[in-house]
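Asks: Structure file final32.cif (mmCIF, C-alpha atoms) right here:
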data_final
loop_
_atom_site.label_atom_id
_atom_site.label_comp_id
_atom_site.auth_asym_id
_atom_site.auth_seq_id
_atom_site.Cartn_x
_atom_site.Cartn_y
_atom_site.Cartn_z
CA MET A 1 0.99 8.64 -23.37
CA ARG A 2 -0.68 5.99 -21.20
CA PRO A 3 -2.56 7.42 -18.18
CA VAL A 4 -0.36 5.66 -15.59
CA THR A 5 2.87 6.93 -17.13
CA GLN A 6 1.34 10.37 -17.48
CA LEU A 7 0.20 10.48 -13.85
CA LEU A 8 3.70 9.62 -12.62
CA HIS A 9 5.53 11.58 -15.33
CA ASN A 10 8.72 13.14 -13.88
CA LYS A 11 7.80 11.92 -10.40
CA PHE A 12 10.07 10.34 -7.80
CA VAL A 13 8.16 7.53 -6.08
CA VAL A 14 9.47 5.70 -3.01
CA VAL A 15 8.03 2.44 -1.68
CA LEU A 16 9.01 1.44 1.87
CA GLY A 17 8.18 -1.82 3.59
CA ASP A 18 8.27 -5.59 3.61
CA SER A 19 7.75 -8.26 0.94
CA ILE A 20 4.16 -7.13 0.31
CA GLN A 21 5.44 -3.63 -0.39
CA ARG A 22 8.12 -5.12 -2.64
CA SER A 23 5.36 -6.61 -4.77
CA VAL A 24 3.59 -3.23 -4.72
CA TYR A 25 6.79 -1.76 -6.15
CA LYS A 26 7.13 -4.53 -8.73
CA ASP A 27 3.58 -4.19 -10.00
CA LEU A 28 4.00 -0.44 -10.26
CA VAL A 29 7.19 -0.91 -12.30
CA LEU A 30 5.44 -3.46 -14.52
CA ILE A 31 2.33 -1.38 -15.21
CA LEU A 32 4.52 1.56 -16.26
CA GLN A 33 5.84 -0.63 -19.07
CA ARG A 34 2.99 -2.86 -20.20
CA ASP A 35 -0.44 -4.26 -19.32
CA SER A 36 0.36 -7.62 -17.78
CA TYR A 37 0.35 -9.28 -14.39
CA LEU A 38 3.28 -10.31 -12.24
CA SER A 39 4.19 -13.96 -12.65
CA LEU A 40 4.36 -16.30 -9.69
CA SER A 41 8.15 -16.39 -9.85
CA GLN A 42 8.31 -12.60 -9.89
CA LEU A 43 6.08 -12.43 -6.83
CA LYS A 44 8.15 -14.98 -4.93
CA SER A 45 11.60 -13.73 -5.92
CA LYS A 46 13.56 -11.41 -3.67
CA GLY A 47 16.93 -9.79 -3.98
CA GLU A 48 17.31 -10.61 -7.69
CA PHE A 49 19.85 -8.57 -9.66
CA ALA A 50 17.25 -7.25 -12.11
CA PHE A 51 13.49 -7.16 -12.48
CA GLU A 52 11.76 -5.71 -15.56
CA GLN A 53 14.64 -3.35 -16.37
CA ASP A 54 15.16 -2.22 -12.79
CA CYS A 55 18.40 -2.76 -10.87
CA LEU A 56 19.43 -3.98 -7.45
CA VAL A 57 21.22 -1.08 -5.77
CA GLU A 58 22.04 -2.51 -2.37
CA GLY A 59 21.61 -5.73 -0.40
CA GLY A 60 19.77 -8.72 -1.82
CA ARG A 61 22.08 -10.94 -3.86
CA LEU A 62 24.74 -8.29 -3.60
CA GLY A 63 24.97 -9.23 0.07
CA GLN A 64 23.81 -12.09 2.24
CA MET A 65 20.39 -13.59 1.54
CA ASN A 66 18.50 -14.39 4.74
CA ASN A 67 15.15 -14.10 6.53
CA GLY A 68 16.47 -12.03 9.42
CA THR A 69 15.75 -8.52 10.57
CA LYS A 70 19.07 -7.30 9.16
CA TYR A 71 18.18 -8.23 5.58
CA ARG A 72 18.50 -5.29 3.22
CA GLU A 73 17.29 -4.73 -0.33
CA VAL A 74 17.20 -1.46 -2.26
CA ARG A 75 15.82 -1.55 -5.82
CA GLN A 76 15.38 1.18 -8.40
CA TYR A 77 13.63 1.61 -11.74
CA ARG A 78 14.71 4.60 -13.80
CA THR A 79 13.73 6.03 -17.18
CA ASP A 80 14.06 9.54 -18.59
CA HIS A 81 10.81 10.52 -16.87
CA HIS A 82 10.22 8.01 -14.07
CA LEU A 83 12.10 7.14 -10.92
CA ILE A 84 10.73 4.43 -8.61
CA ARG A 85 12.73 3.21 -5.62
CA PHE A 86 12.07 0.45 -3.09
CA TYR A 87 13.61 -0.01 0.36
CA PHE A 88 13.02 -3.25 2.24
CA VAL A 89 12.54 -2.48 5.93
CA THR A 90 11.63 -4.67 8.89
CA GLN A 91 10.97 -1.91 11.43
CA VAL A 92 9.13 1.35 10.96
CA PHE A 93 11.88 3.25 12.75
CA SER A 94 15.46 2.12 13.29
CA ARG A 95 19.00 3.20 12.51
CA TYR A 96 18.51 1.89 9.02
CA MET A 97 15.34 3.92 8.59
CA GLU A 98 17.23 6.96 9.81
CA SER A 99 19.74 6.43 7.00
CA ILE A 100 16.89 6.23 4.47
CA LEU A 101 15.40 9.45 5.77
CA ALA A 102 18.86 11.02 5.54
CA ASP A 103 18.83 10.14 1.82
CA PHE A 104 15.61 12.14 1.46
CA GLU A 105 16.96 15.03 3.51
CA GLN A 106 20.24 15.33 1.62
CA GLY A 107 19.10 14.39 -1.88
CA ILE A 108 16.06 14.60 -4.11
CA LYS A 109 12.76 14.73 -2.24
CA PRO A 110 10.14 12.11 -3.16
CA ASP A 111 6.92 13.31 -4.75
CA LEU A 112 5.12 10.20 -3.48
CA VAL A 113 5.95 7.89 -0.56
CA ILE A 114 4.03 4.60 -0.22
CA VAL A 115 4.86 3.03 3.13
CA ASN A 116 3.89 0.23 5.48
CA SER A 117 5.73 -1.55 8.26
CA CYS A 118 3.82 -3.75 10.65
CA VAL A 119 4.10 -7.55 10.59
CA TRP A 120 7.82 -7.65 11.30
CA ASP A 121 7.53 -4.89 13.91
CA ILE A 122 4.94 -6.76 15.98
CA SER A 123 6.49 -10.23 15.73
CA ARG A 124 10.28 -10.07 15.55
CA TYR A 125 11.37 -7.55 18.14
CA SER A 126 9.31 -7.89 21.30
CA ARG A 127 6.38 -9.86 22.65
CA GLU A 128 5.12 -6.65 24.24
CA TRP A 129 5.20 -4.87 20.93
CA ASP A 130 2.42 -2.32 21.26
CA SER A 131 4.19 0.47 23.17
CA GLU A 132 7.40 0.17 21.15
CA TYR A 133 5.50 0.09 17.85
CA ARG A 134 3.48 3.18 18.72
CA GLU A 135 6.63 5.02 19.79
CA ASN A 136 8.42 4.05 16.57
CA LEU A 137 5.43 5.09 14.47
CA ASN A 138 5.32 8.44 16.22
CA THR A 139 9.06 9.00 15.69
CA PHE A 140 8.92 7.95 12.03
CA PHE A 141 5.95 10.13 11.15
CA ARG A 142 7.39 13.10 13.00
CA LYS A 143 10.76 12.88 11.21
CA LEU A 144 9.10 12.27 7.84
CA LYS A 145 6.92 15.33 8.38
CA THR A 146 10.00 17.41 9.13
CA ILE A 147 12.07 16.20 6.17
CA LEU A 148 9.57 16.13 3.32
CA PRO A 149 8.21 19.29 1.70
CA GLU A 150 4.52 20.05 2.11
CA GLU A 151 3.70 19.07 -1.47
CA SER A 152 5.00 15.50 -1.02
CA LEU A 153 2.20 12.94 -0.80
CA VAL A 154 2.62 10.20 1.82
CA VAL A 155 0.27 7.20 1.72
CA TRP A 156 0.27 4.78 4.67
CA ASN A 157 -0.87 1.34 3.47
CA MET A 158 -2.68 -0.53 6.22
CA THR A 159 -1.61 -4.18 6.54
CA MET A 160 -3.71 -6.71 4.66
CA PRO A 161 -5.55 -9.57 6.43
CA LEU A 162 -3.37 -12.47 7.57
CA GLY A 163 -4.51 -16.10 7.55
CA LYS A 164 -5.23 -18.37 10.48
CA LYS A 165 -2.24 -20.51 9.55
CA ILE A 166 1.01 -18.85 8.53
CA VAL A 167 3.75 -20.91 6.92
CA GLY A 168 6.92 -20.21 5.00
CA GLY A 169 10.10 -18.24 5.46
CA PHE A 170 8.64 -15.34 7.42
CA LEU A 171 7.51 -17.40 10.41
CA VAL A 172 10.88 -18.56 11.70
CA PRO A 173 10.87 -21.13 14.55
CA GLU A 174 11.55 -18.46 17.17
CA ILE A 175 8.15 -16.84 16.57
CA ALA A 176 6.15 -19.89 15.46
CA HIS A 177 4.01 -19.62 18.58
CA MET A 178 2.69 -16.25 17.40
CA GLY A 179 1.21 -17.64 14.19
CA PRO A 180 -2.36 -18.30 15.42
CA THR A 181 -2.81 -14.84 16.98
CA LEU A 182 -0.79 -12.64 14.65
CA ARG A 183 -3.80 -11.80 12.49
CA PHE A 184 -5.49 -10.23 15.54
CA ASP A 185 -2.36 -8.29 16.48
CA VAL A 186 -2.33 -6.85 12.95
CA ILE A 187 -5.83 -5.46 13.49
CA GLU A 188 -4.71 -3.59 16.59
CA ALA A 189 -1.49 -2.43 14.92
CA ASN A 190 -3.46 -1.17 11.93
CA TYR A 191 -5.49 1.00 14.27
CA PHE A 192 -2.33 2.55 15.72
CA GLY A 193 -0.79 3.16 12.29
CA ALA A 194 -3.90 4.67 10.71
CA THR A 195 -4.64 6.91 13.68
CA LEU A 196 -1.11 8.28 13.96
CA ALA A 197 -0.73 8.73 10.20
CA ASN A 198 -3.87 10.85 10.23
CA GLU A 199 -2.70 12.90 13.20
CA PHE A 200 0.47 13.79 11.30
CA GLY A 201 -1.50 14.77 8.20
CA PHE A 202 -0.67 11.77 6.02
CA ASP A 203 -3.06 9.81 3.82
CA VAL A 204 -4.19 6.27 4.64
CA LEU A 205 -5.20 3.47 2.29
CA ASP A 206 -7.13 0.82 4.22
CA LEU A 207 -6.07 -2.37 2.42
CA HIS A 208 -7.32 -4.50 5.31
CA PHE A 209 -10.83 -3.19 4.66
CA GLN A 210 -10.50 -3.49 0.90
CA PHE A 211 -9.42 -7.15 0.97
CA ARG A 212 -11.54 -8.48 3.81
CA PHE A 213 -13.75 -10.35 1.33
CA SER A 214 -10.99 -11.16 -1.17
CA LEU A 215 -9.20 -13.87 0.77
CA GLN A 216 -9.34 -16.24 -2.20
CA HIS A 217 -6.50 -14.16 -3.66
CA ARG A 218 -4.24 -14.74 -0.68
CA MET A 219 -1.41 -17.24 -1.05
CA HIS A 220 -1.34 -20.52 0.85
CA ASP A 221 1.33 -19.14 3.21
CA GLY A 222 -1.32 -16.90 4.80
CA VAL A 223 0.72 -13.72 4.28
CA HIS A 224 1.31 -12.96 0.61
CA TRP A 225 -1.15 -12.25 -2.21
CA ASN A 226 -1.41 -13.16 -5.88
CA SER A 227 -0.96 -10.95 -8.92
CA VAL A 228 -4.66 -10.12 -9.23
CA ALA A 229 -4.69 -8.72 -5.71
CA HIS A 230 -1.55 -6.70 -6.37
CA ARG A 231 -3.04 -5.20 -9.49
CA LYS A 232 -6.02 -4.13 -7.40
CA ILE A 233 -3.63 -2.53 -4.88
CA THR A 234 -1.90 -0.66 -7.71
CA CYS A 235 -5.20 0.63 -9.05
CA LEU A 236 -6.38 1.74 -5.62
CA LEU A 237 -3.11 3.58 -5.08
CA LEU A 238 -3.25 5.29 -8.47
CA GLU A 239 -6.85 6.32 -7.92
CA HIS A 240 -5.88 7.74 -4.54
CA VAL A 241 -2.87 9.61 -5.93
CA ALA A 242 -4.87 11.00 -8.86
CA GLN A 243 -7.55 12.31 -6.51
CA ALA A 244 -4.98 13.77 -4.12
CA TRP A 245 -3.28 15.61 -6.99
CA GLY A 246 -6.59 16.70 -8.49
CA VAL A 247 -6.07 14.70 -11.69
CA GLU A 248 -8.96 13.20 -13.62
CA LEU A 249 -7.89 9.90 -15.14
CA PRO A 250 -9.13 9.23 -18.69
CA LYS A 251 -10.03 5.85 -20.15
CA LEU A 252 -7.31 3.27 -19.73
CA ASP A 253 -6.18 0.52 -22.05
CA GLN A 254 -7.66 -2.93 -21.78
CA ILE A 255 -5.34 -5.82 -21.07
CA ASN A 256 -4.88 -8.57 -23.63
CA PRO A 257 -7.56 -11.16 -22.79
CA ASP A 258 -5.46 -13.88 -24.42
CA LYS A 259 -2.69 -13.43 -21.87
CA HIS A 260 -4.66 -12.99 -18.68
CA PRO A 261 -7.87 -14.33 -17.16
CA PRO A 262 -10.88 -12.02 -17.62
CA LEU A 263 -11.81 -9.90 -14.64
CA PRO A 264 -15.16 -8.47 -13.51
CA GLU A 265 -16.07 -5.34 -15.47
CA ASN A 266 -18.11 -3.47 -12.89
CA HIS A 267 -15.51 -2.58 -10.29
CA SER A 268 -13.53 0.64 -10.15
CA TRP A 269 -10.30 -1.00 -9.03
CA GLN A 270 -9.77 -2.15 -12.61
CA MET A 271 -9.05 1.36 -13.76
CA ALA A 272 -5.69 0.25 -15.18
CA THR A 273 -6.99 -2.88 -16.86
CA SER A 274 -10.42 -1.93 -18.19
CA SER A 275 -11.71 0.23 -21.01
CA ALA A 276 -14.51 1.48 -18.76
CA PRO A 277 -14.15 5.08 -17.58
CA ALA A 278 -13.08 5.77 -14.04
CA PRO A 279 -16.03 6.01 -11.65
CA ALA A 280 -17.40 9.39 -10.72
CA ARG A 281 -15.78 10.81 -7.64
CA TYR A 282 -17.59 12.97 -5.13
CA GLN A 283 -19.06 16.22 -6.45
CA ALA A 284 -17.66 19.19 -4.61
CA ASP A 285 -16.38 22.68 -5.15
CA PRO A 286 -13.40 22.21 -7.51
CA TYR A 287 -11.54 24.95 -5.66
CA SER A 288 -12.23 23.55 -2.22
CA ARG A 289 -9.30 22.10 -0.28
CA GLN A 290 -11.56 20.06 1.95
CA ARG A 291 -11.30 16.28 2.02
CA CYS A 292 -13.39 13.77 3.82
CA PHE A 293 -11.97 11.85 6.79
CA TYR A 294 -13.60 9.03 8.72
CA PRO A 295 -11.43 8.26 11.75
CA PRO A 296 -11.17 4.72 13.11
CA VAL A 297 -12.94 4.65 16.44
CA MET A 298 -12.07 0.99 17.00
CA PRO A 299 -9.83 -1.38 15.03
CA ALA A 300 -11.24 -2.26 11.61
CA ILE A 301 -12.05 -5.89 12.29
CA HIS A 302 -15.67 -6.27 11.24
CA TYR A 303 -16.11 -8.40 8.13
CA ASN A 304 -19.82 -7.92 7.43
CA ASN A 305 -20.20 -4.41 6.03
CA GLY A 306 -19.30 -2.46 2.93
CA PRO A 307 -18.93 -3.41 -0.74
CA VAL A 308 -17.23 -6.57 -1.92
CA TRP A 309 -15.14 -6.42 -5.07
CA THR A 310 -15.70 -10.12 -5.81
CA GLN A 311 -19.29 -10.27 -4.62
CA GLY A 312 -21.64 -11.92 -7.11
CA GLN A 313 -18.76 -13.12 -9.23
CA ARG A 314 -17.89 -16.73 -9.84
CA MET A 315 -14.69 -17.65 -8.05
CA ARG A 316 -11.95 -18.44 -10.58
CA GLN A 317 -8.84 -20.53 -10.19
CA PHE A 318 -5.77 -18.60 -11.31
CA ASN A 319 -3.09 -21.04 -12.36
CA GLY A 320 0.04 -20.75 -10.28
CA PHE A 321 -1.27 -18.03 -8.01
CA GLY A 322 -2.37 -20.39 -5.26
CA SER A 323 -5.86 -18.96 -5.08
CA GLN A 324 -8.09 -20.40 -2.41
CA TYR A 325 -11.18 -19.46 -0.48
CA CYS A 326 -10.52 -18.92 3.20
CA HIS A 327 -12.88 -18.64 6.14
CA ASP A 328 -11.10 -16.53 8.72
CA ASP A 329 -13.96 -16.11 11.17
CA LEU A 330 -13.35 -13.72 14.03
CA PRO A 331 -14.55 -14.54 17.54
CA PRO A 332 -17.68 -12.58 18.58
CA HIS A 333 -15.88 -10.56 21.24
CA MET A 334 -13.59 -9.09 18.58
CA THR A 335 -16.45 -7.62 16.54
CA ALA A 336 -18.66 -6.27 19.32
CA GLY A 337 -19.11 -2.51 19.21
CA TYR A 338 -17.17 -2.11 16.00
CA GLN A 339 -17.13 1.20 14.18
CA SER A 340 -15.24 1.43 10.90
CA PHE A 341 -13.80 4.31 8.87
CA GLU A 342 -17.18 5.21 7.41
CA ARG A 343 -18.62 6.15 10.83
CA GLU A 344 -18.31 9.34 12.86
CA ASN A 345 -17.78 11.93 10.13
CA PHE A 346 -15.03 14.44 10.74
CA TYR A 347 -13.91 17.16 8.35
CA ARG A 348 -10.75 19.18 8.45
CA GLY A 349 -10.88 22.95 8.30
CA ALA A 350 -13.77 25.26 9.07
CA SER A 351 -16.84 23.66 10.56
CA ASN A 352 -19.09 25.24 7.92
CA ALA A 353 -16.98 24.09 4.96
CA PRO A 354 -18.78 21.92 2.35
CA ALA A 355 -18.13 18.26 3.06
CA ALA A 356 -17.68 15.61 0.39
CA PRO A 357 -20.00 12.62 0.73
CA TYR A 358 -18.49 9.25 1.56
CA TRP A 359 -17.73 7.11 -1.48
CA PRO A 360 -17.96 3.50 -0.26
CA VAL A 361 -16.00 1.82 -3.08
CA ASN A 362 -12.71 3.14 -1.71
CA ASN A 363 -12.55 3.27 2.06
CA LEU A 364 -9.81 5.91 2.11
CA VAL A 365 -8.57 8.53 4.49
CA MET A 366 -7.94 11.57 2.33
CA LYS A 367 -6.29 14.85 3.18
CA GLN A 368 -6.54 18.23 1.50
CA LYS A 369 -5.43 18.39 -2.11
CA ARG A 370 -1.73 18.88 -2.61
CA ARG A 371 -0.12 20.90 -5.35
CA ARG A 372 0.77 18.46 -8.06
CA PRO A 373 4.50 18.57 -8.91
CA HIS A 374 5.07 20.18 -12.30
CA ALA A 375 5.04 17.50 -15.00
CA GLY A 376 7.32 19.46 -17.31
CA GLU A 377 10.33 19.37 -15.01
CA ARG A 378 12.98 16.73 -15.56
CA LEU A 379 14.05 14.48 -12.72
CA HIS A 380 16.84 15.88 -10.64
CA PRO A 381 20.09 13.98 -10.13
CA TYR A 382 19.84 11.38 -7.43
CA ARG A 383 22.09 9.31 -5.29
CA TYR A 384 21.93 5.93 -7.01
#
Would you kindly transcribe this structure into C-alpha cells?

Replies:
Amino acid sequence: MRPVTQLLHNKFVVVLGDSIQRSVYKDLVLILQRDSYLSLSQLKSKGEFAFEQDCLVEGGRLGQMNNGTKYREVRQYRTDHHLIRFYFVTQVFSRYMESILADFEQGIKPDLVIVNSCVWDISRYSREWDSEYRENLNTFFRKLKTILPEESLVVWNMTMPLGKKIVGGFLVPEIAHMGPTLRFDVIEANYFGATLANEFGFDVLDLHFQFRFSLQHRMHDGVHWNSVAHRKITCLLLEHVAQAWGVELPKLDQINPDKHPPLPENHSWQMATSSAPAPARYQADPYSRQRCFYPPVMPAIHYNNGPVWTQGQRMRQFNGFGSQYCHDDLPPHMTAGYQSFERENFYRGASNAPAAPYWPVNNLVMKQKRRRPHAGERLHPYRY
C-alpha cells in the first residue's frame, strides 16, 4: 500500500475554504490515486460534476454558478477506505458554516479537518473587517472545539502571499479598490487566525512563510498557485499529519519523469514525489506528549529569513502553469521589529519538560500528539 493511502486509510478528511482550499482537496484526491500533478484546467475548474472519480454533492453546476458570497460547492471522494470531503466557504463563520458544523455534530466526526478562510472574509463583507473577522474566528474555533472529539486533528492553513496586482473573477468591481492593499491585510489576518487557532489548541501550517520565496509558482491573477505549489502544500500537510499522529513515513514512490518536469531532490516537501527518505524529525522522548510551539509575536511579514525551497535552483518554466517571478517588496515600516514563528520559544505542559528543537524546514505550530484513529476500522455511514 502506498504511504499516502496508508496514512489516510479509513480516515474521514474534511477540507474547508475557498478556491485555494479546493485545489488542496483536488491534489489530495489525485495523490491518493496516482503520482501526477493537477492540470491547468483542473486547477481552474470549479463546480464540475466530477473530478478524478469524486462527485459534486451540492451547489456548483447543480445550482447557480457565480462569484458571489452565496456560492456553494460540496464535493466528495469516496472509496472503501477513504472519505475526503470539501466545502466551499466564503466566511469563517456564518449560517452556512453552522450547517456544516451541524453535519459534524449529527453525523460521522472527521479525523482530520484542513481549514482556511481569510481573503473573502476581509474583502467582501466589511471595510472594517478586523473586529468582525476576529469575532467570527473566535466563534468558529470555539464551536469546532466543542463539536469535534479530542482525537480529531484540526490544521489551520495560513493564507498564502497575494500579489501586488490581483485580477480575475475574485476581484469583482465592488472591491477593486482593495486590490493594491489586500496583500497587507492578509498578513494581519494571518496573525489573528494563527494566534486564535493556537489558543484553542489547534495546529497551524504557515503557508505564507513557506511560500514567501516561491512566488514564481503563483498564477498571473495574483491569488492562485500552480500544480507544483499545490503538491508542495500536500506534502507539507501529510508531513504535519504524520508527525501529529506519530507515524513515520517510509520511502515514497518517484513520479514518472516522462510526464512531469524534474524537481529539486534535496527538499523535504517532495516526500510524495521523491525516492529519498523523509528527513529526520526532531529527536525526543518517543513517549513524550510535548510539542514545540513558536507563537507569532508580530505578523509574519518579513521576507529575508529562513530556508528557501527553490533557493539555488534554476527557475523553470512550467508549461500552462503561468509561472513567473514576482518581486513583491514590502515597505520598510512593515518589516521593522518583525519576529516570526521561530522566535520566543514557548512549550506547552510542565516547564521542565524536554523541549523539541526547532526544525526550520517546516515552520509549523504543532500541538501534543493525538491518538491516531484505528486503521483497521471501516468508515462509518455518512450523510452523502

Asks: Expanded to explicit residues, what is the PyMOL selection byres ((chain A and resi 12-29) around 6) for this file, as a list in words?

Replies: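 With the PyMOL selection byres ((chain A and resi 12-29) around 6) on this model, the match is Lys11, Leu30, Ile31, Leu32, Leu83, Ile84, Arg85, Phe86, Tyr87, Phe88, Val89, Pro110, Asp111, Leu112, Val113, Ile114, Val115, Asn116 and Ser117 of chain A.
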
Asks: For a quick check of understanding, using all atoms listed in the file, which of A:Glu132, A:Arg124, A:Leu215, A:Arg61 has the smallest distance to Ala176 of chain A?

Replies: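 Of the candidates, the smallest distance to Ala176 of chain A is held by A:Arg124.
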
Asks: Given the choices A:Gly193, A:Arg34, A:Phe209, A:Ser214, which gets closest to Arg2 of chain A if the distance is worked out from all atoms listed in the file?

Replies: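 Selected residue with least distance to Arg2 of chain A: A:Arg34.
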
Asks: Rounded to one decimal, what separation in Å do you get between atom CA of Gly68 of chain A and atom CA of Val223 of chain A?

Replies: 16.7 Å

Asks: Using only C-alpha atoms, determine which residues lie at most 8 Å from Val247 of chain A, disregarding the query and same-chain residues fewer than 4 positions distant; provide the list as a list of chain:residue names.

Replies: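 Near Val247 of chain A, the qualifying residues are A:Leu7, A:Ala242, A:Gln243.
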
Asks: Just how far from atom CA of Glu58 of chain A is atom CA of Phe140 of chain A, in Å to one decimal?

Replies: 22.1 Å

Asks: My list of candidates is A:Thr181, A:Thr139, A:Ser152, A:Thr195. Which is closest to Arg127 of chain A when distances are computed with all atoms listed in the file?

Replies: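 Among A:Thr181, A:Thr139, A:Ser152, A:Thr195, it is A:Thr181 that comes nearest to Arg127 of chain A.
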
Asks: Just how far from atom CA of Cys118 of chain A is atom CA of Glu48 of chain A, in Å to one decimal?

Replies: 23.8 Å

Asks: Have a look at A:Ala50, A:Val155, A:Leu237, A:Leu162 and name the one nearest to Ala197 of chain A; count only C-alpha atoms.

Replies: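 Of all the options, A:Val155 lies closest to Ala197 of chain A.
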
Asks: Would you mind telling me which residue in A:His9, A:Arg218, A:Arg78, A:Lys44 lies nearest to Met160 of chain A when using all atoms listed in the file?

Replies: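 Between A:His9, A:Arg218, A:Arg78, A:Lys44, the residue approaching Met160 of chain A most closely is A:Arg218.
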
Asks: Selected by the PyMOL selection byres ((chain A and resi 222) around 10) in the shown coordinates: which residues, as JSON, numbers by chain?

Replies: {"A": [161, 162, 163, 164, 165, 166, 167, 168, 179, 183, 215, 218, 219, 220, 221, 223, 224, 225, 326]}

Asks: Given the PyMOL selection byres ((chain A and resi 92-98) around 7) and the file above, list the residues it selects as a ChimeraX atom specification.

Replies: /A:90-91,99-102,117,136-137,140

Asks: Please determine an axis-aligned box that encloses all atoms of segment 219-229 of chain A listed in the file, with 4 Å added on each side, and express its centre and edge lengths in Å to one decimal as JSON.

Replies:
{"center_x": -1.7, "center_y": -14.6, "center_z": -2.2, "size_x": 14.0, "size_y": 19.8, "size_z": 22.0}

Asks: Counting only C-alpha atoms, which residues have an atom no more than 8 Å from (-1.4, -7.8, 13.3) in the file's coordinates? Please list them as a PyMOL selection string.

Replies: chain A and resi 118-119+122+159+162+182-190

Asks: Between A:Met158, A:Gly63, A:Asp130, A:His81, single out the one closest to Phe211 of chain A, counting only C-alpha atoms.

Replies: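 Among the listed residues, the smallest separation from Phe211 of chain A belongs to A:Met158.
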
Asks: Taking 5 positions as the minimum chain separation for residues in the same chain, which residues sit within 7 Å of segment 141-149 of chain A when counting only C-alpha atoms? Answer as a ChimeraX atom specification.

Replies: /A:105,109,197,200

Asks: Can you tell me which residues surround Val57 of chain A at a distance of at most 10 Å, considering all atoms listed in the file, apart from same-chain residues fewer than 3 positions away, and format the answer as a list of chain:residue names?

Replies: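 My list of contacting residues is A:Gly47, A:Phe49, A:Ala50, A:Asp54, A:Gly60, A:Leu62, A:Glu73, A:Val74, A:Arg75, A:Gln76, A:Arg85, A:Phe86, A:Tyr87, A:Tyr384.
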